[in-house]
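Trainee: Data file model-v2.txt (compact mmCIF, C-alpha atoms) is appended below.
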# COMPACT_ATOMS: atom_id res chain seq x y z
CA MET A 1 -1.84 -7.18 12.25
CA GLN A 2 -1.02 -7.05 8.55
CA VAL A 3 -0.23 -3.80 6.77
CA TYR A 4 -0.07 -3.66 2.98
CA LEU A 5 1.69 -0.71 1.36
CA VAL A 6 0.69 -0.48 -2.32
CA ARG A 7 2.02 1.91 -4.93
CA HIS A 8 -0.55 2.91 -7.56
CA GLY A 9 -0.35 1.28 -11.00
CA GLU A 10 1.30 2.89 -14.01
CA ALA A 11 -0.29 6.25 -14.78
CA SER A 12 -0.19 9.03 -17.34
CA VAL A 13 -1.81 12.41 -17.90
CA PRO A 14 -4.65 12.13 -20.46
CA PRO A 15 -4.88 14.72 -23.25
CA GLY A 16 -6.47 17.84 -21.82
CA GLY A 17 -6.28 16.42 -18.29
CA SER A 18 -4.43 17.79 -15.31
CA GLU A 19 -4.07 14.73 -13.10
CA ARG A 20 -2.53 11.37 -13.84
CA ILE A 21 -4.88 8.38 -14.26
CA LEU A 22 -4.14 4.68 -14.63
CA THR A 23 -3.16 3.48 -18.07
CA ASP A 24 -4.49 0.19 -19.42
CA ARG A 25 -1.22 -1.35 -18.29
CA GLY A 26 -1.65 0.24 -14.85
CA ARG A 27 -5.13 -1.26 -14.48
CA ASP A 28 -3.75 -4.65 -15.53
CA GLN A 29 -0.92 -4.32 -12.98
CA ALA A 30 -3.43 -3.51 -10.24
CA ARG A 31 -5.67 -6.46 -11.21
CA ARG A 32 -2.72 -8.87 -11.19
CA ILE A 33 -1.50 -7.65 -7.79
CA ALA A 34 -5.07 -7.81 -6.46
CA ALA A 35 -5.44 -11.43 -7.61
CA CYS A 36 -2.11 -12.30 -6.03
CA LEU A 37 -3.10 -10.69 -2.72
CA ALA A 38 -6.49 -12.42 -2.77
CA GLY A 39 -4.69 -15.73 -3.33
CA ARG A 40 -2.50 -15.02 -0.32
CA GLY A 41 -5.56 -14.39 1.83
CA ALA A 42 -5.17 -10.63 2.23
CA ALA A 43 -8.18 -9.34 4.17
CA PRO A 44 -7.71 -5.70 5.15
CA ALA A 45 -10.51 -4.14 7.20
CA VAL A 46 -10.17 -0.98 5.10
CA ILE A 47 -8.20 0.32 2.12
CA ARG A 48 -7.05 3.89 2.63
CA HIS A 49 -5.81 5.77 -0.41
CA SER A 50 -4.45 9.21 -1.25
CA THR A 51 -6.55 11.95 -2.78
CA ARG A 52 -4.99 11.39 -6.23
CA ILE A 53 -7.09 9.72 -8.94
CA ARG A 54 -4.49 7.06 -9.78
CA ALA A 55 -4.39 5.89 -6.15
CA ARG A 56 -8.19 5.79 -5.93
CA GLU A 57 -8.43 3.78 -9.16
CA THR A 58 -5.85 1.28 -7.86
CA ALA A 59 -7.68 1.03 -4.52
CA GLU A 60 -11.00 0.36 -6.26
CA ILE A 61 -9.50 -2.54 -8.20
CA LEU A 62 -7.98 -3.96 -5.02
CA ALA A 63 -11.22 -3.57 -3.05
CA ALA A 64 -13.26 -5.41 -5.68
CA ALA A 65 -10.84 -8.34 -5.82
CA LEU A 66 -10.56 -8.62 -2.03
CA GLY A 67 -14.30 -8.81 -1.37
CA ASP A 68 -15.54 -5.22 -1.58
CA VAL A 69 -13.33 -3.90 1.19
CA PRO A 70 -14.40 -0.40 2.33
CA LEU A 71 -12.42 2.47 0.79
CA GLU A 72 -11.38 5.62 2.59
CA GLU A 73 -9.71 8.62 0.97
CA ILE A 74 -7.30 10.28 3.38
CA THR A 75 -4.74 13.05 3.37
CA GLY A 76 -1.15 12.33 4.33
CA LEU A 77 -0.37 9.80 1.57
CA ALA A 78 0.68 12.24 -1.16
CA PRO A 79 4.18 11.95 -2.65
CA GLU A 80 5.84 14.66 -0.54
CA ASP A 81 3.80 14.35 2.67
CA PRO A 82 5.69 13.68 5.90
CA VAL A 83 5.36 10.07 7.04
CA SER A 84 5.05 10.67 10.78
CA GLY A 85 1.25 11.05 10.84
CA ILE A 86 0.57 7.95 8.74
CA ALA A 87 3.19 5.94 10.68
CA ALA A 88 1.46 6.87 13.95
CA MET A 89 -1.94 5.94 12.50
CA VAL A 90 -0.63 2.55 11.37
CA ALA A 91 1.04 1.85 14.72
CA GLY A 92 -2.15 2.84 16.53
CA THR A 93 -4.46 0.29 14.93
CA ASP A 94 -4.92 -3.42 15.49
CA GLN A 95 -6.80 -3.94 12.21
CA ASP A 96 -5.36 -5.30 9.01
CA LEU A 97 -4.90 -2.27 6.79
CA MET A 98 -4.01 -1.45 3.18
CA LEU A 99 -2.56 1.91 2.13
CA VAL A 100 -2.40 2.95 -1.53
CA GLY A 101 -0.05 5.81 -2.25
CA HIS A 102 2.97 7.16 -4.09
CA LEU A 103 6.73 7.51 -4.13
CA PRO A 104 8.73 8.75 -2.34
CA HIS A 105 6.20 8.65 0.51
CA LEU A 106 5.67 4.86 0.55
CA ASP A 107 9.41 4.19 0.49
CA LEU A 108 9.97 6.52 3.46
CA LEU A 109 6.94 5.14 5.32
CA ALA A 110 8.11 1.54 4.88
CA SER A 111 11.57 2.49 6.13
CA GLN A 112 10.10 4.27 9.16
CA LEU A 113 7.84 1.34 10.07
CA VAL A 114 10.48 -1.36 9.60
CA ALA A 115 13.67 0.38 10.74
CA GLY A 116 12.56 3.51 12.56
CA THR A 117 14.56 5.67 10.12
CA SER A 118 14.44 6.81 6.51
CA ASP A 119 17.70 5.00 5.71
CA VAL A 120 16.25 1.81 4.19
CA ALA A 121 15.12 1.74 0.56
CA PHE A 122 12.45 -0.51 -0.91
CA ASN A 123 11.75 -1.36 -4.56
CA PHE A 124 8.27 0.05 -5.33
CA PRO A 125 7.70 -0.06 -9.09
CA PRO A 126 4.09 0.68 -10.13
CA ALA A 127 1.57 -1.55 -8.29
CA ALA A 128 4.24 -3.14 -6.08
CA THR A 129 3.00 -4.22 -2.66
CA LEU A 130 4.98 -4.56 0.55
CA SER A 131 3.32 -6.67 3.24
CA LEU A 132 4.33 -5.96 6.83
CA VAL A 133 3.44 -7.84 10.00
CA GLY A 134 2.97 -5.79 13.14
CA PHE A 135 3.71 -7.26 16.55
CA ARG A 136 4.33 -6.14 20.11
CA GLN A 137 7.18 -7.29 22.31
CA GLY A 138 7.21 -7.25 26.07
CA HIS A 139 5.03 -8.61 28.83
CA PRO A 140 1.29 -8.86 28.04
CA ALA A 141 0.52 -6.58 31.00
CA VAL A 142 2.99 -3.96 29.71
CA PRO A 143 3.21 -4.39 25.94
CA GLY A 144 5.91 -2.54 24.08
CA PRO A 145 5.36 -0.41 20.99
CA VAL A 146 4.31 -2.00 17.73
CA ARG A 147 7.18 -3.15 15.56
CA PHE A 148 6.95 -4.23 11.95
CA ALA A 149 8.64 -7.04 10.04
CA ILE A 150 8.62 -7.61 6.30
CA ASN A 151 6.30 -10.41 5.29
CA PHE A 152 6.71 -10.20 1.50
CA LEU A 153 7.19 -7.82 -1.43
CA VAL A 154 5.43 -8.57 -4.70
CA ARG A 155 5.78 -6.66 -7.97
CA PRO A 156 3.79 -7.14 -11.17
CA ALA A 157 6.99 -8.39 -12.86
CA ASP A 158 7.11 -11.21 -10.27
CA LEU A 159 3.78 -12.47 -11.53
CA GLY A 160 4.85 -13.30 -15.08
CA THR A 161 3.64 -11.76 -18.30
CA ALA A 162 0.50 -9.68 -18.55
CA ARG A 163 -2.73 -11.43 -19.46
CA LYS A 164 -4.30 -10.55 -22.78
Before anything else, please render the file you have as structure tokens.
Mentor:
Amino acid sequence: MQVYLVRHGEASVPPGGSERILTDRGRDQARRIAACLAGRGAAPAVIRHSTRIRARETAEILAAALGDVPLEEITGLAPEDPVSGIAAMVAGTDQDLMLVGHLPHLDLLASQLVAGTSDVAFNFPPAATLSLVGFRQGHPAVPGPVRFAINFLVRPADLGTARK
């Protein structure tokens, strides 16, 4: 099982608006990350995103680039939400999954999945993606709990300069 944790692209509050939306740069970041993930063969069964507009916009860009992957808006991915519910949901699935959310939630979720604590920090600039591989140890008749290992971390800055 592959799990992709994606921070939304760069966002700002538009004049007269109340919620942050992706900037042009944020949309470009999301497109570049999406192309990178498509090139790496990412094939999530579903992309789940927070209720915030900037996360939905990022998820839509990812879904289009990855072959119109179904989108699902869920609660529990907001910046200050506890990670326990989402960690349990991730550990309870066998499907490849992509989650689009925010800091500090994604940082704490990644730490919980990889290390079982909130003591590990990850570098999640806008549109950064952390790929995790889930596996079970133990005898096939009595499998142990799912554990996660880091597969890769990619940031827009890793992909060179923005396209014009």
Trainee: Check the smallest atom-to-atom distance from each of A:Gly76, A:Pro126, A:Gly9, A:Pro15 to Leu109 of chain A using all atoms listed in the file, then report the winner.
Mentor: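 Smallest separation from Leu109 of chain A among the options: A:Gly76.
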Trainee: Mind checking which residues fall within 8 Å of segment 81-86 of chain A, counting only C-alpha atoms, ignoring those fewer than 2 positions away in the same chain, and posting them as a count of residues only?
Mentor: 11
Trainee: Have a look at atom CA of Leu132 of chain A and atom CA of Arg31 of chain A and let me know their distance in Å, one decimal.
Mentor: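 Atom-to-atom, atom CA of Leu132 of chain A and atom CA of Arg31 of chain A are spaced 20.6 Å apart.
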Trainee: When distances are computed from all atoms listed in the file, which of A:Arg40, A:Arg25, A:Arg56, A:His8 shows the smallest separation from Ile74 of chain A?
Mentor: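 Closest candidate: A:Arg56.
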Trainee: Could you tell me which of A:Ile21, A:Val3, A:Leu37, A:Ala65 comes closest to Val133 of chain A if we count all atoms listed in the file?
Mentor: A:Val3
Trainee: With the input short on atoms, add N, CA and C atoms back to segment 108-141 of chain A and write it as an mmCIF file, keeping the file's coordinate frame.
Mentor:
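So out_33.cif came out as:
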data_model
loop_
_atom_site.group_PDB
_atom_site.id
_atom_site.type_symbol
_atom_site.label_atom_id
_atom_site.label_comp_id
_atom_site.auth_asym_id
_atom_site.auth_seq_id
_atom_site.Cartn_x
_atom_site.Cartn_y
_atom_site.Cartn_z
ATOM 1 N N LEU A 108 9.600 5.947 2.153
ATOM 2 C CA LEU A 108 9.970 6.520 3.460
ATOM 3 C C LEU A 108 9.115 5.946 4.585
ATOM 4 N N LEU A 109 7.823 5.730 4.319
ATOM 5 C CA LEU A 109 6.940 5.140 5.320
ATOM 6 C C LEU A 109 7.367 3.720 5.659
ATOM 7 N N ALA A 110 7.658 2.921 4.644
ATOM 8 C CA ALA A 110 8.110 1.540 4.880
ATOM 9 C C ALA A 110 9.387 1.539 5.711
ATOM 10 N N SER A 111 10.320 2.402 5.382
ATOM 11 C CA SER A 111 11.570 2.490 6.130
ATOM 12 C C SER A 111 11.309 2.874 7.584
ATOM 13 N N GLN A 112 10.420 3.840 7.792
ATOM 14 C CA GLN A 112 10.100 4.270 9.160
ATOM 15 C C GLN A 112 9.467 3.137 9.963
ATOM 16 N N LEU A 113 8.525 2.422 9.355
ATOM 17 C CA LEU A 113 7.840 1.340 10.070
ATOM 18 C C LEU A 113 8.770 0.172 10.379
ATOM 19 N N VAL A 114 9.621 -0.189 9.430
ATOM 20 C CA VAL A 114 10.480 -1.360 9.600
ATOM 21 C C VAL A 114 11.736 -1.049 10.414
ATOM 22 N N ALA A 115 12.365 0.095 10.129
ATOM 23 C CA ALA A 115 13.670 0.380 10.740
ATOM 24 C C ALA A 115 13.676 1.578 11.680
ATOM 25 N N GLY A 116 12.592 2.341 11.702
ATOM 26 C CA GLY A 116 12.560 3.510 12.560
ATOM 27 C C GLY A 116 13.356 4.689 12.018
ATOM 28 N N THR A 117 13.781 4.604 10.760
ATOM 29 C CA THR A 117 14.560 5.670 10.120
ATOM 30 C C THR A 117 14.122 5.788 8.670
ATOM 31 N N SER A 118 14.714 6.711 7.951
ATOM 32 C CA SER A 118 14.440 6.810 6.510
ATOM 33 C C SER A 118 15.624 6.290 5.709
ATOM 34 N N ASP A 119 16.460 5.460 6.329
ATOM 35 C CA ASP A 119 17.700 5.000 5.710
ATOM 36 C C ASP A 119 17.573 3.740 4.862
ATOM 37 N N VAL A 120 16.424 3.064 4.911
ATOM 38 C CA VAL A 120 16.250 1.810 4.190
ATOM 39 C C VAL A 120 15.430 2.086 2.931
ATOM 40 N N ALA A 121 15.846 1.541 1.814
ATOM 41 C CA ALA A 121 15.120 1.740 0.560
ATOM 42 C C ALA A 121 14.402 0.452 0.160
ATOM 43 N N PHE A 122 13.232 0.612 -0.429
ATOM 44 C CA PHE A 122 12.450 -0.510 -0.910
ATOM 45 C C PHE A 122 12.193 -0.320 -2.403
ATOM 46 N N ASN A 123 11.987 -1.403 -3.124
ATOM 47 C CA ASN A 123 11.750 -1.360 -4.560
ATOM 48 C C ASN A 123 10.238 -1.326 -4.790
ATOM 49 N N PHE A 124 9.699 -0.145 -5.105
ATOM 50 C CA PHE A 124 8.270 0.050 -5.330
ATOM 51 C C PHE A 124 7.988 0.470 -6.764
ATOM 52 N N PRO A 125 8.154 -0.429 -7.748
ATOM 53 C CA PRO A 125 7.700 -0.060 -9.090
ATOM 54 C C PRO A 125 6.166 0.058 -9.071
ATOM 55 N N PRO A 126 5.542 0.552 -10.138
ATOM 56 C CA PRO A 126 4.090 0.680 -10.130
ATOM 57 C C PRO A 126 3.388 -0.616 -9.730
ATOM 58 N N ALA A 127 2.415 -0.480 -8.827
ATOM 59 C CA ALA A 127 1.570 -1.550 -8.290
ATOM 60 C C ALA A 127 2.289 -2.513 -7.350
ATOM 61 N N ALA A 128 3.546 -2.275 -7.039
ATOM 62 C CA ALA A 128 4.240 -3.140 -6.080
ATOM 63 C C ALA A 128 3.570 -3.048 -4.717
ATOM 64 N N THR A 129 3.612 -4.150 -3.979
ATOM 65 C CA THR A 129 3.000 -4.220 -2.660
ATOM 66 C C THR A 129 3.989 -4.801 -1.662
ATOM 67 N N LEU A 130 4.155 -4.096 -0.555
ATOM 68 C CA LEU A 130 4.980 -4.560 0.550
ATOM 69 C C LEU A 130 4.052 -4.937 1.690
ATOM 70 N N SER A 131 4.126 -6.181 2.119
ATOM 71 C CA SER A 131 3.320 -6.670 3.240
ATOM 72 C C SER A 131 4.172 -6.660 4.497
ATOM 73 N N LEU A 132 3.645 -6.021 5.533
ATOM 74 C CA LEU A 132 4.330 -5.960 6.830
ATOM 75 C C LEU A 132 3.463 -6.631 7.882
ATOM 76 N N VAL A 133 4.123 -7.241 8.859
ATOM 77 C CA VAL A 133 3.440 -7.840 10.000
ATOM 78 C C VAL A 133 3.784 -7.023 11.226
ATOM 79 N N GLY A 134 2.754 -6.549 11.919
ATOM 80 C CA GLY A 134 2.970 -5.790 13.140
ATOM 81 C C GLY A 134 2.871 -6.700 14.356
ATOM 82 N N PHE A 135 3.734 -6.465 15.319
ATOM 83 C CA PHE A 135 3.710 -7.260 16.550
ATOM 84 C C PHE A 135 4.209 -6.404 17.707
ATOM 85 N N ARG A 136 3.872 -6.831 18.907
ATOM 86 C CA ARG A 136 4.330 -6.140 20.110
ATOM 87 C C ARG A 136 5.236 -7.082 20.900
ATOM 88 N N GLN A 137 6.312 -6.528 21.420
ATOM 89 C CA GLN A 137 7.180 -7.290 22.310
ATOM 90 C C GLN A 137 6.937 -6.819 23.733
ATOM 91 N N GLY A 138 7.362 -7.625 24.671
ATOM 92 C CA GLY A 138 7.210 -7.250 26.070
ATOM 93 C C GLY A 138 6.196 -8.138 26.761
ATOM 94 N N HIS A 139 5.979 -7.866 27.999
ATOM 95 C CA HIS A 139 5.030 -8.610 28.830
ATOM 96 C C HIS A 139 3.609 -8.233 28.445
ATOM 97 N N PRO A 140 2.662 -9.189 28.421
ATOM 98 C CA PRO A 140 1.290 -8.860 28.040
ATOM 99 C C PRO A 140 0.675 -7.733 28.889
ATOM 100 N N ALA A 141 1.066 -7.635 30.148
ATOM 101 C CA ALA A 141 0.520 -6.580 31.000
ATOM 102 C C ALA A 141 1.114 -5.214 30.664
#
